[in-house]
Amino acid sequence: MFKAVSSTPFVFQQPPDSKKNKAKRCVISALFGVLSVPMVFVSAPARLYTFVKNRSAIERLAEKRYDAACSALDLEAKLSPDITQIQALLETRPKGSMHDHMQKVRSKIDRALAKSPQGLDATFLHHAAHVMTVCADGMEVFQEYGEKAMGEDSGEFPLVRLAFSLDRAVKKKPFFKKDTVLGKIFWTFAHPEKATNSFFDHVGWSHPLAYNSYQHGNANVRIGAFEVNGSKIHMILGPTPTCDRLFVGHLQHLKETDMGVHAQHTLESPWQKAENVRRIEQQRVAEHFKDEVVYTFGHIENKGGRPHLREEGVALPKNFTKAQAEGINTLAEEMFGSDELSDKARRLGLQTLVAIQGIFNLPKGEHSMGQACKQDIDRGVLVNVLTILFMDQLANQPLTDERIAQILGVVLLRPGLVDDRAILKKRYDALSELVHFIAKKPEVFDSMKRHFLGSIWYKPFAPKVLPLKKN
């Protein structure tokens, strides 16, 4: 199963941190801590409510990570003390929070990887990183949550039901909402650590590579797999893995086992300074692990008043040809060029077509795939659920109540689990607009089927596509 691999280890960048920025962060954190005490008490009941509301889902997903690790890893192997500590944490189920327990496991793996292990220790740790990154299933958690939010909507055309179910559920969502000034203030005082981290990142007082979302409780979830021409692609929800040792360990495991590639569609913007710094770091990973990871870096700009995937230079996604990029731009205009749609909705449609093309470009084999913004709670959520919906159409899979519940669950629960808030309205509006448009004009999918599957006259020779199915 494993093979000896000789390669230069990937070297993580040490984010620069000036004394001046450290001082600024200390002063602001201290002032905020003093001034926020009254508001923290005021917001405490709301935070307690959402904590209780979310806790079951958070713990169930942590159970999935625990079970995946216990079933895949050799807990009896006699290895170094660092690995013995990891094995000990996995040998006994905790009496308290499973989520907190699995964060300890992740931290132990991270620290052990930081010591540049060799031999069997490295093999164990790379396998553990692989399991934590892509092997914990959880779609049923999202589906059950979505079923509770869906309500009674029988008798409607499925795409219409999806559109209105999403709108109603997002409007009713009991999480904190950051769409108004008052909502932002309330969320800020309820989550002072998250708020200050976000502020420091925004104003440039902390380096963009210093924040690792995984270390703050964000975790990957495998929600199922597509099949395209016999290749199996496991879909992963989770943040864009930047400066994460476990993700690099996962790629090292793929190198050691020839288990396929990891495809990552980054939705961070090249036009935002902090996000572009992270994109550059992701490109470093892609260059080091050329056979193990395929990054899609699409530069989408405005051309002729329409979103447009730049077709030349370094902006072209790694696994795209120039002709494919031209074809995606033409298809996006054909499907979403209507004046009924806003620029944001057209851009979202184009990003999803880029994701679909990336899936079709993967080599034969069994692979994993993630697509996300920084934390996969707004932009990532939208593209992920549309990818599921579009792949269903390519597979001629009818839109079922089960699928609607899954989409609802992802849209509602991802922001709630990670940031204890509802999806941002300015982001969600693009999804709502696009789904309503497709519900009115489902024939737009015919163009997509012709593009990816070919003419109906050659249907026996068209790529075989199976929709996302739970593992």
# chains A, B, ... in the order shown; residues from 1 in each chain; ligands from 1

$ residues_around --residues "region 222-239 of chain A" --least-positions-apart "6" --cutoff "7 Å" --atoms "only C-alpha atoms" --output "list in words"
Val134, Cys135, Ala136, Asp137, Gly138, Met139, Ser213, Phe360, Lys364, Gly365, Glu366, His367, Ser368, Met369, Gly370, Ala372, Cys373, Lys374, Gln375, Asp376, Pro463, Lys464, Val465, Leu466, Pro467, Leu468, Lys469, Lys470 and Asn471 of chain A

$ write_last_selection --atoms "C-alpha atoms" --output "PDB file, in the first residue's frame"
ATOM      1  CA  VAL A 134     -10.935  13.871   3.505  1.00  0.00           C
ATOM      2  CA  CYS A 135     -12.385  10.792   5.242  1.00  0.00           C
ATOM      3  CA  ALA A 136     -15.037  11.978   7.734  1.00  0.00           C
ATOM      4  CA  ASP A 137     -18.557  11.654   6.303  1.00  0.00           C
ATOM      5  CA  GLY A 138     -21.375  13.936   7.382  1.00  0.00           C
ATOM      6  CA  MET A 139     -24.011  14.608   4.711  1.00  0.00           C
ATOM      7  CA  SER A 213      -9.297  28.243  10.326  1.00  0.00           C
ATOM      8  CA  PHE A 360     -14.348  16.790 -15.931  1.00  0.00           C
ATOM      9  CA  LYS A 364      -8.956   8.574 -14.202  1.00  0.00           C
ATOM     10  CA  GLY A 365      -8.976   7.379 -10.624  1.00  0.00           C
ATOM     11  CA  GLU A 366     -10.392   8.159  -7.190  1.00  0.00           C
ATOM     12  CA  HIS A 367      -9.904  11.727  -6.030  1.00  0.00           C
ATOM     13  CA  SER A 368     -11.001  14.291  -3.432  1.00  0.00           C
ATOM     14  CA  MET A 369     -12.234  17.784  -4.174  1.00  0.00           C
ATOM     15  CA  GLY A 370     -12.739  20.952  -2.148  1.00  0.00           C
ATOM     16  CA  ALA A 372     -13.923  27.292  -0.731  1.00  0.00           C
ATOM     17  CA  CYS A 373     -13.257  30.872   0.175  1.00  0.00           C
ATOM     18  CA  LYS A 374     -11.240  31.479   3.339  1.00  0.00           C
ATOM     19  CA  GLN A 375     -13.621  29.553   5.629  1.00  0.00           C
ATOM     20  CA  ASP A 376     -16.230  27.993   3.290  1.00  0.00           C
ATOM     21  CA  PRO A 463     -19.302  10.911 -20.651  1.00  0.00           C
ATOM     22  CA  LYS A 464     -21.170   8.914 -18.010  1.00  0.00           C
ATOM     23  CA  VAL A 465     -22.033  11.089 -15.008  1.00  0.00           C
ATOM     24  CA  LEU A 466     -23.443   9.930 -11.679  1.00  0.00           C
ATOM     25  CA  PRO A 467     -24.744  12.512  -9.161  1.00  0.00           C
ATOM     26  CA  LEU A 468     -23.434  13.140  -5.677  1.00  0.00           C
ATOM     27  CA  LYS A 469     -24.222  10.154  -3.469  1.00  0.00           C
ATOM     28  CA  LYS A 470     -23.598   9.833   0.239  1.00  0.00           C
ATOM     29  CA  ASN A 471     -20.758   7.473   1.139  1.00  0.00           C
TER      30      ASN A 471
END

$ residues_around --residues "region 10-19 of chain A" --least-positions-apart "2" --cutoff "12 Å" --atoms "only C-alpha atoms" --output "PyMOL selection string"
chain A and resi 7-8+21-26+113-116+204-212+242-245+247-249+251-252+277-278+280-282+284-289

$ write_last_selection --atoms "C-alpha atoms" --output "PDB file, in the first residue's frame"
ATOM      1  CA  SER A   7      11.425  14.214  -1.887  1.00  0.00           C
ATOM      2  CA  THR A   8      12.366  17.605  -0.573  1.00  0.00           C
ATOM      3  CA  ASN A  21       1.580  45.228  14.906  1.00  0.00           C
ATOM      4  CA  LYS A  22       1.847  43.072  18.029  1.00  0.00           C
ATOM      5  CA  ALA A  23       1.543  46.185  20.182  1.00  0.00           C
ATOM      6  CA  LYS A  24      -1.478  47.397  18.205  1.00  0.00           C
ATOM      7  CA  ARG A  25      -3.217  44.056  18.610  1.00  0.00           C
ATOM      8  CA  CYS A  26      -2.522  43.988  22.354  1.00  0.00           C
ATOM      9  CA  LEU A 113       4.323  16.840  11.760  1.00  0.00           C
ATOM     10  CA  ALA A 114       6.180  20.042  12.647  1.00  0.00           C
ATOM     11  CA  LYS A 115       9.103  17.890  13.844  1.00  0.00           C
ATOM     12  CA  SER A 116       9.674  16.508  10.303  1.00  0.00           C
ATOM     13  CA  GLY A 204      -3.355  44.397   7.957  1.00  0.00           C
ATOM     14  CA  TRP A 205      -2.259  44.136  11.601  1.00  0.00           C
ATOM     15  CA  SER A 206      -1.913  40.360  11.312  1.00  0.00           C
ATOM     16  CA  HIS A 207      -0.362  38.518   8.407  1.00  0.00           C
ATOM     17  CA  PRO A 208      -2.835  36.737   6.062  1.00  0.00           C
ATOM     18  CA  LEU A 209      -0.952  33.461   6.546  1.00  0.00           C
ATOM     19  CA  ALA A 210      -1.063  33.628  10.354  1.00  0.00           C
ATOM     20  CA  TYR A 211      -4.699  32.519  10.674  1.00  0.00           C
ATOM     21  CA  ASN A 212      -5.548  28.835  10.267  1.00  0.00           C
ATOM     22  CA  THR A 242      -3.559  27.540   3.611  1.00  0.00           C
ATOM     23  CA  CYS A 243      -0.461  26.981   5.788  1.00  0.00           C
ATOM     24  CA  ASP A 244      -2.008  23.799   7.189  1.00  0.00           C
ATOM     25  CA  ARG A 245       0.411  20.974   7.992  1.00  0.00           C
ATOM     26  CA  PHE A 247      -3.291  19.280   4.373  1.00  0.00           C
ATOM     27  CA  VAL A 248       0.350  18.984   3.311  1.00  0.00           C
ATOM     28  CA  GLY A 249       0.504  15.661   5.185  1.00  0.00           C
ATOM     29  CA  LEU A 251      -0.820  15.376  -0.040  1.00  0.00           C
ATOM     30  CA  GLN A 252       2.275  13.516   1.145  1.00  0.00           C
ATOM     31  CA  VAL A 277      -1.306  36.519  -0.416  1.00  0.00           C
ATOM     32  CA  ARG A 278      -3.051  33.260   0.480  1.00  0.00           C
ATOM     33  CA  ILE A 280       0.214  32.824  -3.798  1.00  0.00           C
ATOM     34  CA  GLU A 281       0.945  30.465  -0.900  1.00  0.00           C
ATOM     35  CA  GLN A 282      -1.517  27.937  -2.367  1.00  0.00           C
ATOM     36  CA  ARG A 284       3.573  27.281  -3.793  1.00  0.00           C
ATOM     37  CA  VAL A 285       1.890  24.111  -2.549  1.00  0.00           C
ATOM     38  CA  ALA A 286       0.656  23.327  -6.073  1.00  0.00           C
ATOM     39  CA  GLU A 287       4.170  23.703  -7.475  1.00  0.00           C
ATOM     40  CA  HIS A 288       5.683  21.450  -4.812  1.00  0.00           C
ATOM     41  CA  PHE A 289       3.037  18.697  -5.119  1.00  0.00           C
TER      42      PHE A 289
END

$ residues_around --residues "Leu431 (chain A)" --least-positions-apart "6" --cutoff "12 Å" --atoms "only C-alpha atoms" --output "ChimeraX atom specification"
/A:162-164,166-167,170,341-349,351-352,378-387,389,407-408,411,423-425,437-438
